[in-house]
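Raw contents of structure_21.pdb, PDB, C-alpha atoms:
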```pdb
ATOM      1  CA  MET A   1       0.000   0.000   0.000
ATOM      2  CA  LEU A   2       2.817   2.378   0.857
ATOM      3  CA  THR A   3       4.524   1.798  -2.491
ATOM      4  CA  PHE A   4       1.277   2.535  -4.330
ATOM      5  CA  VAL A   5       0.917   5.881  -2.524
ATOM      6  CA  PHE A   6       4.558   6.740  -3.190
ATOM      7  CA  ASP A   7       4.301   5.797  -6.868
ATOM      8  CA  TYR A   8       1.092   7.798  -7.244
ATOM      9  CA  LYS A   9       2.634  10.890  -5.633
ATOM     10  CA  HIS A  10       5.777  10.490  -7.723
ATOM     11  CA  GLN A  11       3.702  10.266 -10.904
ATOM     12  CA  GLN A  12       1.751  13.373  -9.918
ATOM     13  CA  THR A  13       4.968  15.276  -9.194
ATOM     14  CA  ALA A  14       6.482  14.177 -12.500
ATOM     15  CA  TYR A  15       3.343  15.292 -14.368
ATOM     16  CA  ILE A  16       3.321  18.672 -12.636
ATOM     17  CA  MET A  17       7.016  19.208 -13.385
ATOM     18  CA  ARG A  18       6.477  18.404 -17.079
ATOM     19  CA  PHE A  19       3.550  20.825 -17.056
ATOM     20  CA  ILE A  20       5.626  23.576 -15.443
ATOM     21  CA  LYS A  21       8.625  23.080 -17.750
ATOM     22  CA  ASN A  22       6.514  23.919 -20.793
ATOM     23  CA  PRO A  23       7.329  27.597 -21.510
ATOM     24  CA  ASN A  24       3.966  28.315 -23.135
ATOM     25  CA  ILE A  25       2.035  27.180 -20.081
ATOM     26  CA  THR A  26       4.360  29.002 -17.687
ATOM     27  CA  ILE A  27       3.986  32.286 -19.557
ATOM     28  CA  ALA A  28       0.227  31.828 -19.913
ATOM     29  CA  VAL A  29      -0.141  31.377 -16.153
ATOM     30  CA  LEU A  30       2.018  34.442 -15.471
ATOM     31  CA  ALA A  31       0.086  36.503 -18.046
ATOM     32  CA  ILE A  32      -3.254  35.540 -16.504
ATOM     33  CA  TYR A  33      -1.952  36.388 -13.034
ATOM     34  CA  THR A  34      -0.625  39.738 -14.254
ATOM     35  CA  ALA A  35      -3.893  40.577 -16.017
ATOM     36  CA  ILE A  36      -5.934  39.773 -12.920
ATOM     37  CA  MET A  37      -3.680  41.943 -10.764
ATOM     38  CA  TYR A  38      -3.974  44.848 -13.197
ATOM     39  CA  ILE A  39      -7.737  44.522 -13.462
ATOM     40  CA  TYR A  40      -8.081  44.401  -9.687
ATOM     41  CA  LEU A  41      -5.472  46.951  -8.591
ATOM     42  CA  PHE A  42      -5.294  49.612 -11.312
ATOM     43  CA  PRO A  43      -8.766  51.132 -10.813
ATOM     44  CA  LYS A  44      -8.028  51.531  -7.096
ATOM     45  CA  ASN A  45      -4.726  53.334  -7.699
ATOM     46  CA  THR A  46      -5.411  57.051  -7.979
ATOM     47  CA  GLU A  47      -1.815  58.167  -7.356
ATOM     48  CA  MET A  48      -0.586  57.138 -10.817
ATOM     49  CA  SER A  49      -1.553  58.840 -14.053
ATOM     50  CA  ASN A  50      -2.994  56.836 -16.925
ATOM     51  CA  THR A  51       0.291  57.160 -18.825
ATOM     52  CA  GLU A  52       2.235  55.619 -15.947
ATOM     53  CA  LYS A  53      -0.269  52.789 -15.713
ATOM     54  CA  TRP A  54       0.038  51.961 -19.434
ATOM     55  CA  ILE A  55       3.825  52.164 -19.277
ATOM     56  CA  THR A  56       3.748  49.683 -16.389
ATOM     57  CA  VAL A  57       1.526  47.332 -18.397
ATOM     58  CA  GLY A  58       3.803  47.656 -21.434
ATOM     59  CA  ILE A  59       6.920  46.872 -19.411
ATOM     60  CA  SER A  60       5.217  43.847 -17.865
ATOM     61  CA  VAL A  61       4.180  42.531 -21.275
ATOM     62  CA  GLY A  62       7.717  43.114 -22.556
ATOM     63  CA  ILE A  63       9.169  41.166 -19.633
ATOM     64  CA  LEU A  64       6.746  38.288 -20.247
ATOM     65  CA  ILE A  65       7.686  38.158 -23.937
ATOM     66  CA  LEU A  66      11.399  38.201 -23.100
ATOM     67  CA  LEU A  67      10.888  35.468 -20.521
ATOM     68  CA  TRP A  68       8.960  33.385 -23.071
ATOM     69  CA  PHE A  69      11.823  33.622 -25.586
ATOM     70  CA  LEU A  70      14.407  32.755 -22.937
ATOM     71  CA  LEU A  71      12.427  29.762 -21.665
ATOM     72  CA  ARG A  72      11.936  28.443 -25.205
ATOM     73  CA  ARG A  73      15.633  28.824 -25.900
ATOM     74  CA  ARG A  74      16.551  27.032 -22.664
ATOM     75  CA  ASN A  75      14.136  24.222 -23.467
ATOM     76  CA  LYS A  76      15.556  23.875 -26.986
ATOM     77  CA  LEU A  77      19.140  23.769 -25.675
ATOM     78  CA  ARG A  78      18.166  21.147 -23.084
ATOM     79  CA  LYS A  79      16.620  18.946 -25.768
ATOM     80  CA  GLU A  80      19.706  19.304 -27.968
ATOM     81  CA  ARG A  81      21.940  18.375 -25.041
ATOM     82  CA  GLU A  82      19.820  15.293 -24.305
ATOM     83  CA  GLU A  83      19.995  14.245 -27.964
ATOM     84  CA  ASP A  84      23.770  14.691 -27.987
ATOM     85  CA  MET A  85      24.091  12.596 -24.842
ATOM     86  CA  ARG A  86      21.914   9.848 -26.355
ATOM     87  CA  ASN A  87      23.895   9.870 -29.578
ATOM     88  CA  SER A  88      27.254   9.816 -27.783
ATOM     89  CA  SER A  89      26.193   6.944 -25.519
ATOM     90  CA  ARG A  90      25.135   4.845 -28.523
ATOM     91  CA  SER A  91      28.477   5.312 -30.256
TER      92      SER A  91
END
```

This structure in C-alpha cells:
Amino acid sequence: MLTFVFDYKHQQTAYIMRFIKNPNITIAVLAIYTAIMYIYLFPKNTEMSNTEKWITVGISVGILILLWFLLRRRNKLRKEREEDMRNSSRS
C-alpha cells in the first residue's frame, strides 16, 4: 500500500514538473496572473496617471515576452543536449 501511494505521488509530481517546464504554459499562467492583478489593482490606484499605468503594463508585457523567448531557448538547448548525450552513448 505504501509503495502505491509513493508511486502515485511520484507520478503526480512528475506530471506537474512536465507541465511547469513547458514555456507556453508558464507564460500563460504568469500573463493571466498579471492581467488579474492589473484589473483588480489599477482602478483603485489614484496616485498614478494613466500614462504611468500603461507604461507599467507595457513593461510587464515586454518582460513576459522576453521570458517566453528565454524559456523556449533554454528548453531547446536542453533537448539538444539530451539528444547529444543519447547519440554519444550509442556510439

Listing only residues of range 53-83 of chain A within 9 Å of range 32-42 of chain A, what is the closest atom pair and its distance in Å (to one decimal) for each, using all atoms listed in the file, sorted by chain and residue number ascending, as JSON lines?
```
{"residue": "A:Lys53", "atom": "CA", "partner": "A:Phe42", "partner_atom": "CA", "distance": 7.4}
{"residue": "A:Val57", "atom": "CA", "partner": "A:Tyr38", "partner_atom": "CA", "distance": 8.0}
{"residue": "A:Ser60", "atom": "CA", "partner": "A:Thr34", "partner_atom": "CA", "distance": 8.0}
{"residue": "A:Val61", "atom": "CA", "partner": "A:Thr34", "partner_atom": "CA", "distance": 9.0}
```

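Counting all atoms listed in the file, the residue from A:Ile55, A:Trp68, A:Arg78, A:Thr46 that sits nearest to Ile25 in chain A is A:Trp68.
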
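Taken over the whole file, the PyMOL selection byres ((chain A and resi 69-71) around 10) covers exactly A:Lys21, A:Asn22, A:Pro23, A:Asn24, A:Thr26, A:Ile27, A:Ile63, A:Leu64, A:Ile65, A:Leu66, A:Leu67, A:Trp68, A:Arg72, A:Arg73, A:Arg74, A:Asn75, A:Lys76, A:Leu77.
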
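Computed from the coordinates, the CA of Leu30 in chain A to CA of Gly58 in chain A distance equals 14.6 Å.
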
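Going from CA of Glu47 in chain A to CA of Ile59 in chain A covers 18.7 Å.
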
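Going from CA of Glu82 in chain A over to CA of Ala28 in chain A, you cover 26.0 Å.
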